file query-v3.cif (mmCIF, C-alpha atoms)
data_protein
loop_
_atom_site.label_atom_id
_atom_site.label_comp_id
_atom_site.auth_asym_id
_atom_site.auth_seq_id
_atom_site.Cartn_x
_atom_site.Cartn_y
_atom_site.Cartn_z
CA MET A 1145 0.00 0.00 0.00
CA GLY A 1146 2.99 2.30 0.37
CA ASN A 1147 2.24 5.80 1.60
CA LEU A 1148 -1.33 6.07 0.32
CA LYS A 1149 -3.60 8.35 2.35
CA THR A 1150 -6.92 6.50 2.63
CA LYS A 1151 -9.94 6.53 4.87
CA ASP A 1152 -10.16 3.10 6.50
CA VAL A 1153 -13.62 1.57 6.71
CA THR A 1154 -14.93 -1.85 7.70
CA VAL A 1155 -17.78 -3.68 5.98
CA THR A 1156 -18.96 -6.83 7.74
CA VAL A 1157 -20.37 -9.34 5.26
CA HIS A 1158 -22.88 -11.53 7.12
CA LEU A 1159 -23.24 -14.73 5.12
CA ASP A 1160 -26.59 -16.55 4.98
CA LEU A 1161 -26.78 -18.77 1.93
CA SER A 1162 -30.37 -19.78 2.74
CA SER A 1163 -31.57 -16.20 2.09
CA THR A 1164 -31.95 -14.03 -1.02
CA PRO A 1165 -29.62 -12.26 -1.33
CA PRO A 1166 -27.31 -14.67 0.52
CA PHE A 1167 -25.63 -11.91 2.54
CA THR A 1168 -26.17 -8.61 4.36
CA LEU A 1169 -23.68 -5.78 4.75
CA GLU A 1170 -23.09 -4.00 8.05
CA THR A 1171 -21.02 -0.80 7.97
CA SER A 1172 -20.81 2.81 9.07
CA LEU A 1173 -20.86 3.85 5.40
CA PRO A 1174 -24.11 5.44 4.23
CA LYS A 1175 -26.27 3.66 1.67
CA THR A 1176 -28.26 4.87 -1.31
CA GLY A 1177 -32.01 4.37 -1.61
CA LYS A 1178 -31.22 1.18 -3.52
CA GLY A 1179 -29.07 -0.09 -0.65
CA ASN A 1180 -25.76 0.48 -2.46
CA LEU A 1181 -22.78 1.42 -0.31
CA LYS A 1182 -22.07 5.12 -0.76
CA PHE A 1183 -18.42 6.13 -0.73
CA LYS A 1184 -18.26 9.80 0.24
CA GLY A 1185 -15.67 11.85 2.12
CA GLY A 1186 -12.63 9.69 1.46
CA LYS A 1187 -9.09 10.89 1.98
CA LYS A 1188 -6.68 11.90 -0.80
CA ASP A 1189 -6.28 8.36 -2.19
CA GLY A 1190 -9.83 7.20 -1.46
CA PHE A 1191 -10.90 4.37 0.83
CA LEU A 1192 -9.25 1.23 2.13
CA ILE A 1193 -12.12 -1.16 2.79
CA SER A 1194 -11.80 -4.21 5.02
CA PHE A 1195 -14.50 -6.69 4.04
CA GLU A 1196 -14.82 -8.85 7.17
CA LEU A 1197 -16.50 -12.17 6.43
CA ASP A 1198 -18.95 -13.42 9.06
CA ASP A 1199 -19.87 -17.02 8.35
CA PRO A 1200 -21.89 -18.50 11.24
CA ASP A 1201 -20.98 -22.00 10.05
CA ASN A 1202 -17.23 -21.23 9.90
CA VAL A 1203 -17.00 -22.89 6.50
CA TYR A 1204 -16.34 -20.09 3.99
CA THR A 1205 -13.37 -17.74 3.55
CA TRP A 1206 -12.25 -15.28 0.86
CA GLY A 1207 -9.83 -17.98 -0.29
CA PRO A 1208 -6.13 -17.70 -1.15
CA ASP A 1209 -6.29 -15.39 -4.20
CA PRO A 1210 -7.32 -11.69 -3.87
CA ALA A 1211 -7.92 -11.49 -7.63
CA GLN A 1212 -10.52 -14.25 -7.38
CA ALA A 1213 -12.13 -12.96 -4.17
CA LEU A 1214 -13.12 -9.72 -5.94
CA TRP A 1215 -14.26 -8.98 -9.46
CA SER A 1216 -15.16 -5.37 -10.28
CA THR A 1217 -16.29 -3.22 -13.18
CA SER A 1218 -16.94 0.46 -13.90
CA GLN A 1219 -20.48 -0.46 -14.99
CA ALA A 1220 -23.42 -0.64 -12.57
CA VAL A 1221 -23.76 -4.39 -13.15
CA CYS A 1222 -22.37 -7.32 -11.23
CA PRO A 1223 -19.39 -8.74 -13.14
CA THR A 1224 -19.62 -12.42 -14.07
CA GLU A 1225 -16.01 -12.97 -15.07
CA ALA A 1226 -12.57 -12.30 -13.62
CA GLY A 1227 -11.12 -8.80 -13.79
CA GLN A 1228 -10.88 -5.65 -11.70
CA TRP A 1229 -11.68 -2.02 -12.50
CA ASP A 1230 -8.55 0.00 -11.75
CA GLN A 1231 -10.54 2.17 -9.30
CA PHE A 1232 -11.72 -0.76 -7.15
CA THR A 1233 -9.01 -3.39 -6.60
CA SER A 1234 -8.23 -6.08 -4.05
CA GLN A 1235 -5.06 -5.49 -2.01
CA GLY A 1236 -4.77 -8.67 0.01
CA ILE A 1237 -6.41 -11.30 2.21
CA THR A 1238 -5.56 -11.48 5.92
CA ASN A 1239 -6.92 -12.81 9.21
CA GLY A 1240 -6.90 -16.47 8.17
CA GLY A 1241 -8.83 -15.73 4.98
CA MET A 1242 -11.60 -13.78 6.73
CA THR A 1243 -10.58 -10.20 5.78
CA LEU A 1244 -10.41 -8.97 2.18
CA GLN A 1245 -8.80 -5.55 1.77
CA VAL A 1246 -9.95 -3.44 -1.19
CA LEU A 1247 -8.74 -0.04 -2.40
CA ASN A 1248 -11.47 2.25 -3.76
CA ARG A 1249 -9.81 5.30 -5.34
CA ASN A 1250 -13.22 7.05 -5.59
CA GLU A 1251 -12.03 9.38 -8.36
CA THR A 1252 -15.22 9.67 -10.40
CA VAL A 1253 -18.90 10.11 -9.52
CA GLN A 1254 -20.62 6.91 -10.66
CA ASP A 1255 -22.26 3.66 -9.74
CA PHE A 1256 -20.06 0.62 -10.24
CA GLY A 1257 -20.39 -3.13 -9.85
CA TYR A 1258 -18.39 -5.67 -7.93
CA THR A 1259 -18.73 -9.31 -7.03
CA LEU A 1260 -17.40 -10.57 -3.72
CA ARG A 1261 -16.57 -14.28 -3.90
CA VAL A 1262 -16.30 -16.78 -1.08
CA THR A 1263 -15.03 -20.35 -1.13
CA ARG A 1264 -15.23 -23.41 1.11
CA ASP A 1265 -12.63 -25.49 -0.76
CA ASN A 1266 -9.61 -23.15 -0.81
CA GLY A 1267 -10.48 -21.60 -4.15
CA ALA A 1268 -11.48 -24.65 -6.21
CA THR A 1269 -15.03 -23.24 -6.44
CA TYR A 1270 -16.63 -19.97 -5.36
CA VAL A 1271 -20.03 -18.56 -4.38
CA ASP A 1272 -20.67 -15.09 -5.84
CA LEU A 1273 -22.10 -12.22 -3.78
CA ASP A 1274 -23.23 -9.28 -5.91
CA PRO A 1275 -23.47 -5.86 -4.26
CA ILE A 1276 -23.30 -2.53 -6.17
CA GLY A 1277 -21.48 0.60 -4.99
CA THR A 1278 -21.82 4.33 -5.54
CA ASN A 1279 -18.77 6.61 -5.66
CA GLN A 1280 -19.32 10.24 -4.71
CA ASN A 1281 -15.91 11.64 -5.76
CA SER A 1282 -15.42 13.44 -2.44
CA ASN A 1283 -11.84 12.54 -1.60
CA LEU A 1284 -9.83 15.25 0.13
CA LYS A 1285 -7.63 16.93 -2.46
CA SER A 1286 -4.62 19.15 -2.12
CA GLY A 1287 -4.98 22.34 -4.12
CA ILE A 1288 -8.04 23.09 -6.22
CA GLY A 1289 -9.87 20.06 -7.52
CA GLY A 1290 -12.87 17.79 -7.02
CA GLY A 1291 -15.31 19.23 -4.48
CA THR A 1292 -13.19 22.35 -4.00
CA ALA A 1293 -13.71 23.44 -7.60
CA ALA A 1294 -17.42 22.66 -7.42
CA ALA A 1295 -17.87 24.69 -4.22
CA THR A 1296 -15.93 27.60 -5.73
CA ILE A 1297 -18.05 27.59 -8.90
CA ILE A 1298 -21.32 27.29 -6.98
CA GLY A 1299 -20.23 30.12 -4.68
CA GLY A 1300 -19.41 32.28 -7.69
CA VAL A 1301 -22.78 31.67 -9.32
CA ALA A 1302 -24.58 32.39 -6.04
CA GLY A 1303 -22.59 35.59 -5.52
CA TYR A 1304 -23.40 36.78 -9.02
CA ALA A 1305 -27.11 36.00 -8.52
CA VAL A 1306 -27.22 37.83 -5.18
CA ALA A 1307 -25.57 40.88 -6.70
CA GLN A 1308 -28.12 40.90 -9.54
CA PHE A 1309 -31.06 40.37 -7.18
CA ALA A 1310 -30.00 42.86 -4.51
CA LEU A 1311 -29.02 45.49 -7.05
CA PRO A 1312 -31.27 45.09 -10.09
CA ALA A 1313 -29.49 47.96 -11.79
CA ALA A 1314 -26.07 46.55 -10.92
CA THR A 1315 -23.32 47.18 -13.36
CA THR A 1316 -21.47 44.28 -14.87
CA MET A 1317 -18.54 45.18 -12.64
CA SER A 1318 -20.54 44.94 -9.38
CA ALA A 1319 -22.09 41.63 -10.50
CA LEU A 1320 -18.64 40.25 -11.26
CA THR A 1321 -17.42 41.49 -7.88
CA GLY A 1322 -20.31 39.57 -6.27
CA ALA A 1323 -19.29 36.46 -8.22
CA VAL A 1324 -15.69 36.73 -7.06
CA ILE A 1325 -16.73 37.24 -3.43
CA GLY A 1326 -19.12 34.28 -3.66
CA ALA A 1327 -16.39 32.09 -5.15
CA VAL A 1328 -13.98 32.99 -2.35
CA ILE A 1329 -16.66 32.25 0.28
CA GLY A 1330 -17.57 28.94 -1.40
CA PHE A 1331 -13.91 27.92 -1.55
CA GLY A 1332 -13.39 28.86 2.12
CA LEU A 1333 -16.49 27.03 3.34
CA TYR A 1334 -15.54 23.89 1.45
CA GLN A 1335 -12.01 23.90 2.89
CA LEU A 1336 -13.42 24.47 6.38
CA SER A 1337 -15.91 21.61 6.02
CA GLN A 1338 -13.16 19.25 4.85
CA SER A 1339 -10.96 20.08 7.80
CA PHE A 1340 -13.71 18.79 10.12
CA GLY A 1341 -14.79 15.84 7.93
CA GLY A 1342 -13.07 12.68 6.62
#
call {"tool": "encode", "arguments": {"input": "query-v3.cif", "output": "structure tokens"}}
result
Amino acid sequence: MGNLKTKDVTVTVHLDLSSTPPFTLETSLPKTGKGNLKFKGGKKDGFLISFELDDPDNVYTWGPDPAQALWSTSQAVCPTEAGQWDQFTSQGITNGGMTLQVLNRNETVQDFGYTLRVTRDNGATYVDLDPIGTNQNSNLKSGIGGGTAAATIIGGVAGYAVAQFALPAATTMSALTGAVIGAVIGFGLYQLSQSFGG
């Protein structure tokens, strides 16, 4: 993992193969209305997710091969063949096969698909678990980028609108001044919010 700056999160995967779906996810991460995990407020390099397998029968593990324990795709569908999207990749299996570590770089706003795979015969065969995730592109950035740029732009538009509304006869110069002030305020508020978040 080197010197990556990530937000560490745990997702407990409760296995119940008699149910549909055959698992539930327990985590502090928020979820979308569809129940997808929502990745928001990561650090500079995104999230390091520890998928902790909870098998009440103590039969299944993630197996020996991280590339087989996780398949992922940039599409909002569950992948049915091996491969990993470069934004959502397995990093290793620890804890006697019960913890799968995954790096989510969270660089673009989009839904994506991944298949978690468990095995009871050391990787000879697997059972597929098919959740879907939602990236929010809210990693902390150094400099201007991501959410910082968005907050600055929104602040500028709001400042311009306020200047036009408050001073209907405003000159172009006073409206532009309002836009600049709004952009500075938006930038400042975003930076302040990030210093208390993630």
call {"tool": "resolve_selection", "arguments": {"input": "query-v3.cif", "expression": "the PyMOL selection byres ((chain A and resi 1195-1209) around 10)", "output": "count of residues only"}}
result
46
call {"tool": "atom_distance", "arguments": {"input": "query-v3.cif", "atom1": "atom CA of A:Lys1151", "atom2": "atom CA of A:Gly1186"}}
result
5.4 Å
call {"tool": "atom_distance", "arguments": {"input": "query-v3.cif", "atom1": "atom CA of A:Ser1172", "atom2": "atom CA of A:Phe1191"}}
result
13.0 Å
call {"tool": "closest_residue", "arguments": {"input": "query-v3.cif", "among": "A:Gln1280, A:Gln1228, A:Thr1176, A:Asp1189", "to": "A:Trp1215", "atoms": "only C-alpha atoms"}}
result
A:Gln1228
call {"tool": "residues_near_point", "arguments": {"input": "query-v3.cif", "point": "(-23.3, -1.0, -10.6)", "cutoff": "6 Å", "atoms": "all atoms listed in the file", "output": "list in words"}}
result
Gln1219, Ala1220, Val1221, Asp1255, Phe1256, Gly1257 and Ile1276 of chain A
call {"tool": "closest_residue", "arguments": {"input": "query-v3.cif", "among": "A:Asn1147, A:Gly1185, A:Thr1217, A:Pro1275", "to": "A:Pro1165", "atoms": "only C-alpha atoms"}}
result
A:Pro1275
call {"tool": "atom_distance", "arguments": {"input": "query-v3.cif", "atom1": "atom CA of A:Gly1179", "atom2": "atom CA of A:Lys1149"}}
result
27.0 Å
